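Notes follow the structure.
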Amino acid sequence: RMRQTKRHKLLNIRPNTTSPPQQNDRKTLATMSSVTLSSLGGVLSLLDESEPALQVHGLRQLDDLMDDHWPEIAPVIPKLEVLYEDEAFEQRQLAAVVVSKVFYHLEELDDALRYALGAGEEFWTHEHSDYGNTLLSKFIDEYIRLRVAKHDKQQLRQQQESAGLAVEQQEEEKEEKHQADTIEIDERLEAAVNRVFERCIADGEFKQCVGVALETRRLDQVRNGITRSNDAPGLLDYTFRLAQTVIDNRTFRHQLLRVLVELYRGLAEPDYSSMCQCLLFLDDAPQVAKILTPLLEDDDTALVAFQIAFDMYENQHQPFLNRVSAMLPPAPKAAAADGAAGDAAAGDDAASSEENKVRDANVAKLRKILSGETPTKLFLHFLYDHNKTDLNVLKNIKDALDPRNTITHNATVMAHAMMHVGTTVDTFLRDNLQWLSRANNWAKFTATASLGVIHKGHVEQSLKLLQPYLPAPGQTGSPYQEGGALYALGLIHANNAGDKAEYLSEALRNSSNNEIVQHGACLGLGLTAMGTCKRPIYDQLRELLFTDSAVAGEAAGLAMGLVLLGSCNGQAVEEMLSYAHDTKHEKIIRGIAMGLAIMVYGREEQADTVIEQMTRDKDPILRAGGMYAIALAYAGTANNSSIKKLLHFGVSDVSDDVRRAAVIALGFVLANRPEQVPRIVSLLSESFNPHVRYGACMAVGVACAGSGMKSALELLQPLLKDRVDYVRQGAFIAMSMVLIQHNKEQEPMVEELRKAYTEVLARKGDTMTKFGVVIGNGILDAGGRNVTIQLLSPAKHLKTGSVVGLAIFLQYWNWYSYMPMLSLAFSPTAMIGLNKDMDMPTDFSVVCNAPPSLFAYPPAIEVKKTEKPKIVPTAQLSVSAKAQAKAKKKDEEDKKAMDTTADGDGTEKADEKDKSDESGVAAMDTSDDNNNDKDESDEKKQNKTGKTAEAKFEVLNNPVRVTMRQRAYLTVKPDQRYVPVKKNMAGIVMLRDTTPGEAQNLKKLNKLKTLLPGISADEPDPPEPFEFLRD
């Protein structure tokens, strides 16, 4: 309104003169008009001349004087518009520029844009001025708005047509489709934006060109900018990162990735790794197999194929990798002898077999990598060999807690499992069997399932490990142990493309309607068949769901979502939602809600229909599930509309469960931009509602896990002393997630956190906070201090298992048996170098350019030695003391008298011996003068500084732990026999042998333990083969 008033005054528009204030305004305008005549009256009068040359001269003068005298030019805008609209006037474009400038100063940018487009070449004479830069920004903004609107409407039309909405439906829908196609973009606006692209390329601002092209959805300009760049590979990587972090439209992102694949392929040296990462986003398994197959023909190029496979395995998308493996060349078959075959044919077959021998061997190795067999085995042995768990931490926790408290006892068992996840080490449990036996009922179920966490990835011996607890025909055991063992089997084989799915399916059929065993079997079956979309498994779980058993139905609903992970199956969604409205069991509704959320994982806009149905439901459990559906559908996208929706529900919903879930979901959506989460939830962490404060803790823990981010720690620290116990619980768990794999040298807060753990455990009561402290201890030292929580792979692709496992773990709020799901989120932080034979050379090293203490393992807890009680001396009278002193003195005098009468020869010999000893010592002292001087100087230096000077770097030998923050400090040691295939020294790295003919020093893998607490006994290894000979 103020801007309109200002414009009316400057244009001398005469308002209604009925009121006195408006009459005063007219007098003011008249006064201003008189001033105008005295300053620019002569120039403005040129516009009224009939001679075009004088009008052009006047326009030139007004253009030059515009910045200082625009208020005086504003009243003649109608005259300027007449000149612009006169097609016979040759300098129409100049008039348009003058009008546009006036509107620019009046802050009417829309009108300024309209006339600037009509100015043509005259506008570009001002492109480097403030006016030109502002209008160029306006050009781009308007163009972006129109392009995005047109693209989104076309996408909506395609989705409607794919959903079966035909053109012959209703007239109203036809009109909307017609409008989607009739969004017109002014050709002059498009030409102006194209000119901006050309200017960026001419100035060498290729990144700016690509950025504007992505915002305007111009893939042709993306291709143009990259191909004309002087650093195409670098610009391609930059564009790939933007596609992962900036582009929030899934359809356009896929179109962009297709273009990037073509550009990567067109490089002088094609980047096969980046091509496969793009195709992984596109879920295009045939193209990946097509890229990998030619690389397997030669041992040297096969290293690249192996490295690509290991990198894709880190993304935890096992069904995709299985499809790639199925499309590789088939395994060789043994040729049958055929007597009728000719000699020539036999010779050709032999030659062909010899040529394909190398390829077949490489295909077999690649299949083992894609199936997860090779990486799982390597990480399992690494965690076993490098286990640095401090059992004194567990002992202190056990001693500090009341063993009769089921909640803290259960938490301690789970903390032990987390500390040893993937290590196969269960020494603490075997040493404390009596304490472990206190677990009863569902606590026994969780304790048995924790064995699956400890032996995660030990797939070869899984059945042997769990045999004592698994259900067996003809035997009756504890249903809690049997159900927990089936759950543990699923945890061991989690995300393994259905391995052991048949066994678990059979166990579910033979469960004799025991809902406890069915609960464990459903969870195990969902984990091992995660993402396989196998219809028979889904149908079996659906039948169990329809039995309306509360305990078994909850697990069945969740398992159905795991089997159909990321499929967004419309029929399944409809069936599950319908049954959620029919059943009266809250547990079943809760399982269905999480199953639906898992089902829409990664679907983004395609999940909006399901999300809308769930978030508008009157049942708060389904609305809370809708929050998790947003979290998983838009995980790692930082989608603005999703963030707004979550914030709205987080502060306005009537249910505390929904508000808590909405705030937690922010951490998943912003997983790719963790630095923004503390800022966004800072006000929520001060909310009056404790559920919102708890959600803020968990959102920070999820997004900032393993980062040690200062802002995250500053937000969580006050919440450790919150007045509500479950908020303190969440704060301890979240801070442990943030500080995992950090020591006090990196972050001093670690030491303060461990002290806070001790203080809380020493209190009486406060069970909920102690639960958080115990679980936090397990997370902080997880996996023998060799794993971290990581939602994104190094390629910035979502790690499916980590995201889903962490989302289910957070449901421990309602069901403690979901705590073992956190094991899916743990990822080993190792650098393992392999040669072409998948062996580990020990003479490959990397250099960490940081002090060793910065990334060292935390020191073990010092166990205080128990001091013996001091013996109090007995009281003694003074008379007795004097008598004893006199007797002692007399004995000493008698002894001295006897010594003086001793033989003199012995004394002389002793003197000679003493002299020789003294001379020998003197000789030794003189021979060691140099070393002593050096030691003394070092000692003086140490005394002055207070401590010895620490080295500034450290050489790390293969294999070695490499934390997330340590990766930035690593460089490859020069002049080595082995050269890594990739630059990033993290994960599994393929090594190229520069001297293949020489002998290699290889690391021998240690034998893993397959013992269970209280079941098996340690046995020595069998002896080497020998021949027995009787005498």
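Simple scheme: letters A, B, ... for chains in structure tokens order, numbers from 1 for residues in each chain, numbers from 1 for ligands in the order shown.
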Which polymer residues have any atom within 9 Å of an atom of region 657-664 of chain A, counting only C-alpha atoms, with same-chain residues fewer than 5 positions away left out, as an MDAnalysis selection string? chainID A and resid 620:628 630:631 645:652 681 684 690:700 702
Write the residues of the selection above to a file with N, CA and C atoms, as a short mmCIF file (atom, residue, chain, number, x, y, z; two decimals), in the first residue's frame.
data_model
loop_
_atom_site.label_atom_id
_atom_site.label_comp_id
_atom_site.auth_asym_id
_atom_site.auth_seq_id
_atom_site.Cartn_x
_atom_site.Cartn_y
_atom_site.Cartn_z
N PRO A 620 -4.35 -41.22 15.93
CA PRO A 620 -3.01 -40.62 16.13
C PRO A 620 -1.88 -41.59 15.83
N ILE A 621 -2.11 -42.90 15.96
CA ILE A 621 -1.04 -43.86 15.66
C ILE A 621 -0.72 -43.83 14.17
N LEU A 622 -1.76 -43.77 13.33
CA LEU A 622 -1.52 -43.70 11.89
C LEU A 622 -0.92 -42.35 11.51
N ARG A 623 -1.30 -41.28 12.19
CA ARG A 623 -0.70 -39.97 11.90
C ARG A 623 0.78 -39.98 12.28
N ALA A 624 1.12 -40.62 13.40
CA ALA A 624 2.54 -40.74 13.76
C ALA A 624 3.28 -41.57 12.72
N GLY A 625 2.62 -42.63 12.22
CA GLY A 625 3.23 -43.40 11.13
C GLY A 625 3.41 -42.56 9.89
N GLY A 626 2.48 -41.60 9.66
CA GLY A 626 2.64 -40.69 8.53
C GLY A 626 3.87 -39.82 8.66
N MET A 627 4.23 -39.44 9.88
CA MET A 627 5.46 -38.67 10.09
C MET A 627 6.69 -39.49 9.70
N TYR A 628 6.69 -40.76 10.08
CA TYR A 628 7.80 -41.62 9.69
C TYR A 628 7.78 -41.92 8.19
N ILE A 630 6.94 -39.68 5.94
CA ILE A 630 7.64 -38.52 5.38
C ILE A 630 9.14 -38.66 5.59
N ALA A 631 9.53 -39.12 6.79
CA ALA A 631 10.96 -39.26 7.10
C ALA A 631 11.65 -40.21 6.14
N LYS A 645 5.95 -29.23 6.48
CA LYS A 645 4.85 -30.08 6.97
C LYS A 645 5.20 -30.68 8.33
N LEU A 646 6.43 -31.16 8.49
CA LEU A 646 6.84 -31.75 9.77
C LEU A 646 6.85 -30.71 10.89
N LEU A 647 7.32 -29.52 10.59
CA LEU A 647 7.31 -28.46 11.61
C LEU A 647 5.88 -28.10 12.00
N HIS A 648 4.98 -28.10 11.03
CA HIS A 648 3.59 -27.79 11.32
C HIS A 648 3.00 -28.83 12.28
N PHE A 649 3.19 -30.12 11.97
CA PHE A 649 2.67 -31.16 12.86
C PHE A 649 3.39 -31.16 14.20
N GLY A 650 4.66 -30.80 14.20
CA GLY A 650 5.43 -30.83 15.44
C GLY A 650 4.98 -29.82 16.47
N VAL A 651 4.30 -28.78 16.03
CA VAL A 651 3.88 -27.74 16.98
C VAL A 651 2.37 -27.61 17.09
N SER A 652 1.60 -28.34 16.25
CA SER A 652 0.16 -28.10 16.25
C SER A 652 -0.69 -29.34 16.49
N VAL A 681 15.96 -27.14 15.06
CA VAL A 681 15.26 -27.67 16.24
C VAL A 681 15.67 -26.95 17.52
N LEU A 684 12.63 -25.80 19.26
CA LEU A 684 11.84 -26.95 19.69
C LEU A 684 12.46 -27.61 20.91
N PRO A 690 7.53 -31.96 26.77
CA PRO A 690 8.72 -32.82 26.87
C PRO A 690 8.85 -33.79 25.69
N HIS A 691 7.73 -34.17 25.07
CA HIS A 691 7.81 -35.06 23.92
C HIS A 691 8.52 -34.37 22.75
N VAL A 692 8.27 -33.09 22.59
CA VAL A 692 8.93 -32.33 21.53
C VAL A 692 10.42 -32.20 21.84
N ARG A 693 10.75 -31.98 23.10
CA ARG A 693 12.17 -31.88 23.48
C ARG A 693 12.88 -33.21 23.24
N TYR A 694 12.22 -34.31 23.58
CA TYR A 694 12.81 -35.63 23.29
C TYR A 694 13.01 -35.80 21.78
N GLY A 695 12.01 -35.40 20.99
CA GLY A 695 12.14 -35.50 19.55
C GLY A 695 13.29 -34.68 19.01
N ALA A 696 13.51 -33.49 19.59
CA ALA A 696 14.64 -32.65 19.16
C ALA A 696 15.96 -33.35 19.44
N CYS A 697 16.06 -34.03 20.59
CA CYS A 697 17.29 -34.78 20.90
C CYS A 697 17.55 -35.84 19.83
N MET A 698 16.54 -36.62 19.53
CA MET A 698 16.72 -37.72 18.60
C MET A 698 16.95 -37.23 17.17
N ALA A 699 16.33 -36.12 16.80
CA ALA A 699 16.57 -35.56 15.46
C ALA A 699 18.04 -35.18 15.29
N VAL A 700 18.60 -34.57 16.32
CA VAL A 700 20.02 -34.21 16.27
C VAL A 700 20.89 -35.46 16.26
N VAL A 702 20.16 -38.44 15.09
CA VAL A 702 20.05 -39.14 13.81
C VAL A 702 20.85 -38.43 12.73
#
Let me make sure I understand: among A:Lys836, A:Lys456, A:Arg535, A:His585, which one has the smallest atom-to-atom distance to Met990 (chain A) if we use only C-alpha atoms?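 Using only C-alpha atoms, Met990 (chain A) sits closest to A:Lys836.
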What gap, in Å, lies between CA of Gln1000 (chain A) and CA of Leu834 (chain A)?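 Going from CA of Gln1000 (chain A) over to CA of Leu834 (chain A) covers 11.8 Å.
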Mind checking which residues fall within 8 Å of Cys848 (chain A), counting only C-alpha atoms, ignoring those fewer than 4 positions away in the same chain, and posting them as a PyMOL selection string? chain A and resi 953-956+966+969-971
If you run DSSP on the backbone, which residues of region 164-391 of chain A are helix (DSSP H, G or I), as a PyMOL selection string? chain A and resi 171-181+187-202+206-215+219-227+232-245+250-265+272-282+285-295+299-313+318-326+343-355+357-371+373-385+391
Show me, as a ChimeraX atom specification, the residues that have an atom within 10 Å of Glu190 (chain A) when counting only C-alpha atoms, minus same-chain residues fewer than 5 positions from it. /A:139-140,143,185,195-196
Go ahead and save the picked residues with N, CA, C and O atoms, as an mmCIF file, in the first residue's frame.
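Produced file selection_24.cif, reproduced below:
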data_model
loop_
_atom_site.group_PDB
_atom_site.id
_atom_site.type_symbol
_atom_site.label_atom_id
_atom_site.label_comp_id
_atom_site.auth_asym_id
_atom_site.auth_seq_id
_atom_site.Cartn_x
_atom_site.Cartn_y
_atom_site.Cartn_z
ATOM 1 N N PHE A 139 14.841 -11.612 -14.349
ATOM 2 C CA PHE A 139 14.646 -12.466 -15.520
ATOM 3 C C PHE A 139 14.750 -13.945 -15.121
ATOM 4 O O PHE A 139 13.890 -14.768 -15.451
ATOM 5 N N ILE A 140 15.843 -14.246 -14.426
ATOM 6 C CA ILE A 140 16.114 -15.642 -14.076
ATOM 7 C C ILE A 140 15.054 -16.180 -13.119
ATOM 8 O O ILE A 140 14.556 -17.301 -13.283
ATOM 9 N N TYR A 143 11.869 -16.792 -15.000
ATOM 10 C CA TYR A 143 12.045 -17.931 -15.904
ATOM 11 C C TYR A 143 12.026 -19.244 -15.116
ATOM 12 O O TYR A 143 11.437 -20.235 -15.552
ATOM 13 N N ILE A 185 5.984 -19.413 -22.266
ATOM 14 C CA ILE A 185 7.147 -18.641 -21.802
ATOM 15 C C ILE A 185 7.536 -17.687 -22.915
ATOM 16 O O ILE A 185 7.743 -18.102 -24.067
ATOM 17 N N ARG A 195 21.138 -15.734 -23.128
ATOM 18 C CA ARG A 195 22.270 -14.812 -23.192
ATOM 19 C C ARG A 195 23.062 -14.831 -21.884
ATOM 20 O O ARG A 195 24.290 -14.689 -21.886
ATOM 21 N N VAL A 196 22.354 -15.036 -20.782
ATOM 22 C CA VAL A 196 23.036 -15.166 -19.489
ATOM 23 C C VAL A 196 23.928 -16.408 -19.491
ATOM 24 O O VAL A 196 25.068 -16.379 -19.005
#
